[in-house]
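Everything on this sheet refers to the single structure shown next.
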There are 2 protein chains.
Amino acid sequence: MKKMINTLAGATALFVASSAIAASHDPAAIQAKALDDEIAYDITEGLTTEIGPRQAGTEAEARARAWSLKKLKALGFKNVRNEPFMMPTWVRGAETAEIVSPYPQKMHITALGNSASTGADGVEAEIVYFSSLAALQAVPDGSLAGKIAFVTHNMHRTQDGSGYGTYGPIRWVGPATASKKGAAAYVIKSIGTDYHRNPHTGGTGFPEGITPIPAAALSLPDADNLERMVKLGKPVRMKLVLTPQNIGQQESGNVIAEVPGRDPSKGMILVACHLDSWDLATGAFDDAAGCGIISAAAKYVMDNGQPLRTIRILWAGAEEVGIWGGKAYAKAHSGEKHAIAMESDFGADNVWRVEHKLPEGANSVKQQINKSLLPLGISTLGPPASGGADIRDIIASNNLAVIDLQQNGTRYFDLHHTPDDTLDKIDPEQLRQNVAAWSTVLAIIANSDADFTMPPKK
Amino acid sequence: MKKMINTLAGATALFVASSAIAASHDPAAIQAKALDDEIAYDITEGLTTEIGPRQAGTEAEARARAWSLKKLKALGFKNVRNEPFMMPTWVRGAETAEIVSPYPQKMHITALGNSASTGADGVEAEIVYFSSLAALQAVPDGSLAGKIAFVTHNMHRTQDGSGYGTYGPIRWVGPATASKKGAAAYVIKSIGTDYHRNPHTGGTGFPEGITPIPAAALSLPDADNLERMVKLGKPVRMKLVLTPQNIGQQESGNVIAEVPGRDPSKGMILVACHLDSWDLATGAFDDAAGCGIISAAAKYVMDNGQPLRTIRILWAGAEEVGIWGGKAYAKAHSGEKHAIAMESDFGADNVWRVEHKLPEGANSVKQQINKSLLPLGISTLGPPASGGADIRDIIASNNLAVIDLQQNGTRYFDLHHTPDDTLDKIDPEQLRQNVAAWSTVLAIIANSDADFTMPPKK
């Protein structure tokens with residue numbers, strides 16, 4: 001795979017050489033170099049081995065920031081710093097589930113972020129089964145008093161990750177819905193696609209006026225087992241113990257590093273990932289790899305001579321638990337001139353499609369990007385770019401242009417928010433293809449004097 | 001797949017019809033019927049859903065026996081009964097592991113059967129890394145005082161499961177070896193081939209005179225992470241908490257059912273599986289499926305008319321924790337005339353090879369079996385049959401003939417003894433192929449008047 005890509009990258013140099021970019025910034029040369037990358041893997045390995053899980057607001061995330069500052073300085077970036085902020089922090093406690101009757105057995109479960117506690121004695125109640133969120137929404141308010149609502153789904157793997165958007169509301173709004181219906185607790189089939197006994201955590205929320213209730217996710221094998229039990233027709237009773245706590249405002253922070261541009265008056269290129277992970281795993285896919293990819297790419301551009309525009313690297317804090325880092329970044333930096341924002345936060349498998357949100361006047365840049373990515377097997381013709389969670393607020397506040405390098409999400413929701421998100425899941429060849437794609441795009445846009453100002457929003 | 005097999009099974013009927021077996025016992029007709037089997041899946045689904053984990057000597061195994069007696073009677077078998085026996089019982093307690101320094105993080109671990117307890121306060125000690133059991137064996141006795149020995153390996157998937165025999169001693173004799181070396185505790189990379197955060201349990205033992213020590217298995221991702229930490233060169237300290245207990249002699253039992261033969265003076269055919277599972281999972285592969293396969297096959301033979309020989313079904317108790325059921329069976333029944341013993345205890349994936357240990361005089365039966373299995377994609381030319389764990393003692397005491405229907409073990413050690421051994425892992429088509437192979441062989445041997453008496457052992 002790698003050999004083929006290298007050959008093709010050499011061929012593509014022919015047409016890229018005719019572009020307006022100085023030879024030292026030749027995207028094809030940078031792409032070829034990036035295909036031998038070791039930096040992205042090194043960062044991913046370091047964060048997952050030397051730090052491990054890095055939940056926002058905990059001492060582990062603080063250790064991760066210290067590690068990151070050191071690593072980014074060692075790579076030669078400038079203006080490396082931590083920008084601290086405070087955020088409300090929820091931490092996991094004990095979590096067990098067992099079927100009490102008629103088929104006694106333990107189940108694998110994990111609390112959803114912001115779940116209420118059952119107290120140490122737990123809740124024991126009858127399961128009421130719903131085949132969808134719509135079915136739960138259809139029952140009268142108050143009708144689930146003293147019951148545990150259980151919602152399942154039929155999410156499948158998708159390359160673009162659209163299954164998550166489709167079934168995610170079961171996690172995002174299901175708990176609040178169940179609370180309105182009077183349920184004592186809420187359990188779901190994990191929003192995921194793997195059949196391992198590793199439940200998927202992830203944030204939920206209870207709007208103002210809705211009483212938080214205990215909310216948790218069963219692994220997919222456990223959820224299917226519970227569904228089979230329910231279908232046997234006898235009342236099924238579960239005992240659920242979840243003892244998470246809210247520990248108030250804690251410190252998190254955004255780690256920032258820069259490749260200063262030759263012309264500070266040109267808007268900068270913002271490239272983002274997030275440094276925090278959920279607590280269940282070492283967060284290789286989500287999102288140590290993203291931090292590795294964007295930083296390796298920025299380094300290859302930097303090493304080929306000072307770019308025209310400043311590249312700013314943002315390793316955001318506290319994404320998983322409410323995108324607090326992205327919010328803090330926008331608040332602190334919306335007064336600065338940004339040109340384009342990009343994020344890598346969808347694992348480490350191949351980039352398969354590039355998407356753009358660029359002004360009409362930058363059409364030739366878009367064409368150059370698309371052509372330069374062809375050797376890497378990256379298609380175009382997707383929807384407009386929208387960016388990742390950590391750049392959402394700065395994109396909105398500054399009306400920024402965006403480029404998305406979409407990663408193959410086919411196995412992303414096997415791993416996402418589970419204990420299984422570990423270094424061994426990283427395919428070094430696919431990781432390098434990501435770095436090559438990012439290096440190519442960054443080499444083009446950081447050296448382009450095109451006007452990336454978006455037309456005013458309607 | 002299924003369609004193709006059916007067509008081929010029809011074709012094979014041509015040559016099987018010329019055999020000595022009465023038309024009502026036509027193996028090809030029984031094979032074709034078995035390819036539509038639902039019984040094996042039904043048994044596997046029932047045991048995993050309605051009972052769940054069934055550790056030997058616990059109330060869960062007792063519930064499983066009650067369920068099994070009811071199920072085997074409902075299927076129409078005769079002389080259905082439980083034959084209780086007592087066996088020493090070890091039960092899991094708390095189990096946690098964390099790296100204390102220099103890279104603090106939690107790890108996924110599970111105690112090995114017969115592990116000693118660390119006490120509730122646990123053991124905290126420096127890790128001493130060994131790349132193999134041989135490396136551990138090479139250090140002087142007493143040299144690991146106050147340390148935790150950690151042994152890793154490089155086991156790969158094999159169709160015949162031979163990787164388990166090769167690397168298994170790390171679990172079987174490693175703990176006792178580490179004790180002799182003075183280690184405070186012993187941790188291994190799970191004897192398995194999957195990269196999920198689900199460690200593999202399994203029995204170990206401490207011979208007379210060797211002090212039991214705490215012994216546990218890390219999941220493969222955790223073991224690799226620990227190995228990377230060790231290789232960074234700083235001393236790595238682990239805190240390990242394991243609180244298993246020996247709860248003394250408890251009751252287990254063998255569930256037995258029969259298809260009585262027309263001629264009780266002919267030796268019977270013994271077909272075995274084991275009913276107990278490890279406590280971490282619902283034991284679909286290991287070994288509910290085996291019980292489903294052998295019982296479905298016996299039923300198809302029974303439904304085609306009373307066979308010449310008695311078929312005895314043994315759902316053995318307490319296999320995982322010391323093969324107590326197999327020992328109890330041999331002790332109780334070695335005085336009865338057995339002809340051939342067979343066992344299914346290697347998951348539910350396709351039978352890929354048939355192996356025999358038959359006397360010379362039964363050569364035509366062997367040839368008939370081999371030919372009748374061709375439509376199912378089953379090869380010959382393997383080593384002699386040796387049987388499974390639960391029939392080991394009766395084979396030895398009665399010098400029995402054996403036939404092995406070897407199942408594809410490529411993914412067996414992804415699941416074996418982990419929380420992931422659940423119903424969703426069963427492929428119904430492959431399960432049916434097993435039932436068809438077993439039905440074919442049983443139809444032939446239960447209706448054969450060949451002399452299966454083995455020559456005296458040298």
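Each chain in the structure tokens gets a letter, A, B, ..., in the order shown, and its residues are numbered from 1; ligands are numbered from 1 in order too.
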
- prompt: Taking only C-alpha atoms into account, what are the residues of chain A at most 8 Å from chain B, put as a PyMOL selection string?
  reply: chain A and resi 49-53+102-105+195-198+221+225+228-229+419-420+422-424

message: I'd like the neighbourhood of A:Phe413 as a VMD selection string, where a residue qualifies if any of its atoms comes within 9 Å (using only C-alpha atoms), though same-chain residues fewer than 6 positions away should be ignored.
response: chain A and resid 157 161 163 to 164 191 to 194 200

Emit the selected residues as a PDB file, in the first residue's frame, including N, CA and C atoms.
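Output contents, as saved in selection33.pdb:
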```pdb
ATOM      1  N   ARG A 157     -22.558  -0.158  10.841  1.00  0.00           N
ATOM      2  CA  ARG A 157     -21.331   0.553  10.460  1.00  0.00           C
ATOM      3  C   ARG A 157     -21.573   1.395   9.214  1.00  0.00           C
ATOM      4  N   GLY A 161     -19.824   7.694   9.229  1.00  0.00           N
ATOM      5  CA  GLY A 161     -20.196   7.859  10.638  1.00  0.00           C
ATOM      6  C   GLY A 161     -21.630   8.309  10.847  1.00  0.00           C
ATOM      7  N   GLY A 163     -24.309   6.775  11.113  1.00  0.00           N
ATOM      8  CA  GLY A 163     -25.085   5.969  12.060  1.00  0.00           C
ATOM      9  C   GLY A 163     -25.126   6.602  13.440  1.00  0.00           C
ATOM     10  N   TYR A 164     -24.036   7.285  13.795  1.00  0.00           N
ATOM     11  CA  TYR A 164     -23.953   7.914  15.122  1.00  0.00           C
ATOM     12  C   TYR A 164     -24.971   9.044  15.250  1.00  0.00           C
ATOM     13  N   ILE A 191     -24.365   2.968  22.126  1.00  0.00           N
ATOM     14  CA  ILE A 191     -24.368   3.566  20.785  1.00  0.00           C
ATOM     15  C   ILE A 191     -23.039   3.176  20.149  1.00  0.00           C
ATOM     16  N   GLY A 192     -23.022   2.007  19.509  1.00  0.00           N
ATOM     17  CA  GLY A 192     -21.798   1.473  18.945  1.00  0.00           C
ATOM     18  C   GLY A 192     -22.118   0.295  18.051  1.00  0.00           C
ATOM     19  N   THR A 193     -21.082  -0.280  17.477  1.00  0.00           N
ATOM     20  CA  THR A 193     -21.281  -1.306  16.446  1.00  0.00           C
ATOM     21  C   THR A 193     -20.501  -2.592  16.719  1.00  0.00           C
ATOM     22  N   ASP A 194     -19.774  -2.680  17.831  1.00  0.00           N
ATOM     23  CA  ASP A 194     -18.975  -3.874  18.111  1.00  0.00           C
ATOM     24  C   ASP A 194     -19.734  -4.837  19.013  1.00  0.00           C
ATOM     25  N   HIS A 200     -20.163   1.407  25.784  1.00  0.00           N
ATOM     26  CA  HIS A 200     -19.707   2.719  25.299  1.00  0.00           C
ATOM     27  C   HIS A 200     -20.251   3.803  26.217  1.00  0.00           C
TER      28      HIS A 200
END
```

Excluding B:Ala66 and its own-chain neighbours fewer than 5 positions away, which residues fall within 10 Å of it when counting only C-alpha atoms? Please give them as a compact mmCIF listing (two decimals) with C-alpha atoms, in the first residue's frame.
```txt
# COMPACT_ATOMS: atom_id res chain seq x y z
CA ALA B 60 -25.72 -21.01 38.68
CA GLU B 61 -24.37 -24.40 37.63
CA LYS B 71 -34.59 -29.68 28.07
CA ARG B 81 -30.67 -37.82 35.19
CA ASN B 82 -28.19 -35.85 37.25
CA VAL B 255 -26.23 -34.50 33.35
```

message: With DSSP run on the backbone, what are the helix (DSSP H, G or I) residues within stretch 370-426 of chain A? I'd like them as a PyMOL selection string.
response: chain A and resi 370-376+389-398+412-415+423-425

Write out the residues from the selection above, keeping C-alpha atoms, as a PDB file, in the first residue's frame.
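Final output, selection.pdb:
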```pdb
ATOM      1  CA  ASN A 370      -8.352  17.982  -4.757  1.00  0.00           C
ATOM      2  CA  LYS A 371      -5.749  17.141  -7.422  1.00  0.00           C
ATOM      3  CA  SER A 372      -2.930  16.867  -4.903  1.00  0.00           C
ATOM      4  CA  LEU A 373      -4.920  14.395  -2.800  1.00  0.00           C
ATOM      5  CA  LEU A 374      -5.730  12.057  -5.703  1.00  0.00           C
ATOM      6  CA  PRO A 375      -2.569   9.947  -5.235  1.00  0.00           C
ATOM      7  CA  LEU A 376      -3.722   9.220  -1.671  1.00  0.00           C
ATOM      8  CA  ALA A 389     -16.404  19.961  17.664  1.00  0.00           C
ATOM      9  CA  ASP A 390     -13.393  21.901  18.957  1.00  0.00           C
ATOM     10  CA  ILE A 391     -13.457  24.442  16.127  1.00  0.00           C
ATOM     11  CA  ARG A 392     -17.238  24.739  15.969  1.00  0.00           C
ATOM     12  CA  ASP A 393     -17.387  27.916  18.057  1.00  0.00           C
ATOM     13  CA  ILE A 394     -14.522  29.768  16.371  1.00  0.00           C
ATOM     14  CA  ILE A 395     -15.962  28.862  12.962  1.00  0.00           C
ATOM     15  CA  ALA A 396     -19.315  30.258  14.034  1.00  0.00           C
ATOM     16  CA  SER A 397     -18.010  33.406  15.705  1.00  0.00           C
ATOM     17  CA  ASN A 398     -15.512  34.276  12.954  1.00  0.00           C
ATOM     18  CA  TYR A 412     -14.793   3.965  14.560  1.00  0.00           C
ATOM     19  CA  PHE A 413     -17.912   3.093  16.543  1.00  0.00           C
ATOM     20  CA  ASP A 414     -16.481  -0.294  17.445  1.00  0.00           C
ATOM     21  CA  LEU A 415     -13.975   1.590  19.603  1.00  0.00           C
ATOM     22  CA  LEU A 423      -2.821   1.867  20.723  1.00  0.00           C
ATOM     23  CA  ASP A 424      -3.037  -1.568  19.076  1.00  0.00           C
ATOM     24  CA  LYS A 425      -6.056  -0.309  17.081  1.00  0.00           C
TER      25      LYS A 425
END
```

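From atom CA of B:Pro199 back to atom CA of B:Glu126, the distance works out to 21.1 Å.
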
Polymer residues at most 9 Å from stretch 35-42 of chain B, only C-alpha atoms, same-chain spacing of 4 or more positions, as a short mmCIF file (atom, residue, chain, number, x, y, z; two decimals) with C-alpha atoms, in the first residue's frame:
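File written: around_33.cif
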```cif
data_model
loop_
_atom_site.label_atom_id
_atom_site.label_comp_id
_atom_site.auth_asym_id
_atom_site.auth_seq_id
_atom_site.Cartn_x
_atom_site.Cartn_y
_atom_site.Cartn_z
CA LYS B 2 -25.94 -23.87 3.09
CA ILE B 5 -23.87 -28.17 1.12
CA ASN B 6 -27.41 -29.45 0.66
CA ILE B 30 -29.84 -37.55 8.41
CA GLN B 31 -27.03 -35.20 7.33
CA GLY B 46 -31.33 -21.09 26.26
CA LEU B 47 -28.25 -21.79 28.35
CA ALA B 288 -23.05 -24.49 25.42
CA ALA B 289 -22.66 -24.94 21.66
CA GLY B 290 -20.95 -28.31 22.19
CA CYS B 291 -23.91 -29.51 24.25
CA GLY B 292 -26.24 -28.26 21.54
CA ILE B 293 -24.29 -29.99 18.76
CA ILE B 294 -24.05 -33.45 20.32
CA SER B 295 -27.65 -33.46 21.52
CA ALA B 296 -29.11 -32.27 18.23
CA ALA B 297 -27.13 -34.97 16.42
CA ILE B 426 -22.28 -18.18 17.23
CA PRO B 428 -25.79 -20.43 12.93
CA GLU B 429 -24.61 -21.78 9.55
CA LEU B 431 -23.22 -24.52 13.98
CA ARG B 432 -25.49 -26.44 11.59
CA GLN B 433 -22.49 -27.84 9.74
CA ASN B 434 -21.27 -29.21 13.08
CA VAL B 435 -24.63 -30.83 13.76
CA ALA B 436 -24.63 -32.33 10.26
#
```

message: For a test of reading the model, state the distance in Å between atom CA of B:Pro260 and atom CA of B:Ile445, rounded to one decimal.
response: 14.1 Å

field: Distance in Å - atom CA of A:Ala437 versus atom CA of A:Ala450
entry: 20.3 Å

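Closest approach to B:Lys239 among B:Glu59, B:Glu320, B:Glu98, B:Asp26: B:Glu98, based on only C-alpha atoms.
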
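Residues lying within 10 Å of B:Gln159, counting only C-alpha atoms and ignoring same-chain neighbours fewer than 4 positions away, are Gly163, Trp352, Gln406, Gln407, Asn408, Gly409, Thr410, Arg411 and Tyr412 of chain B.
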
- request: Could you give me, as a ChimeraX atom specification, the residues within 6 Å of A:Met238, counting only C-alpha atoms and dropping anything in the same chain fewer than 6 positions from it?
  value: /A:98-100,124-125

Report as a tab-separated table (two decimals) with N, CA and C atoms, in the first residue's frame all protein, DNA and RNA residues lying within 8 Å of B:Glu251, evaluated on only C-alpha atoms, omitting residues in the same chain fewer than 6 positions from it.
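And here is the file that came out, part14.tsv:
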```tsv
chain	number	residue	atom	x	y	z
B	57	GLY	N	-19.82	-25.66	40.74
B	57	GLY	CA	-19.92	-25.61	42.20
B	57	GLY	C	-20.76	-24.46	42.71
B	58	THR	N	-21.27	-23.61	41.80
B	58	THR	CA	-22.10	-22.48	42.22
B	58	THR	C	-23.58	-22.79	41.97
B	84	PRO	N	-24.73	-36.39	40.78
B	84	PRO	CA	-23.97	-35.38	41.54
B	84	PRO	C	-22.62	-35.88	42.02
B	85	PHE	N	-21.70	-34.96	42.21
B	85	PHE	CA	-20.40	-35.25	42.83
B	85	PHE	C	-19.92	-33.97	43.51
B	86	MET	N	-18.95	-34.12	44.38
B	86	MET	CA	-18.42	-32.97	45.11
B	86	MET	C	-17.06	-32.59	44.53
B	87	MET	N	-16.76	-31.28	44.58
B	87	MET	CA	-15.45	-30.84	44.07
B	87	MET	C	-15.03	-29.56	44.78
```

Every residue of stretch 194-356 of chain A that DSSP places in strand (DSSP E or B), as number ranges by chain: A: 203, 215-218, 237-242, 245-259, 268-274, 311-316, 338-343, 351-356
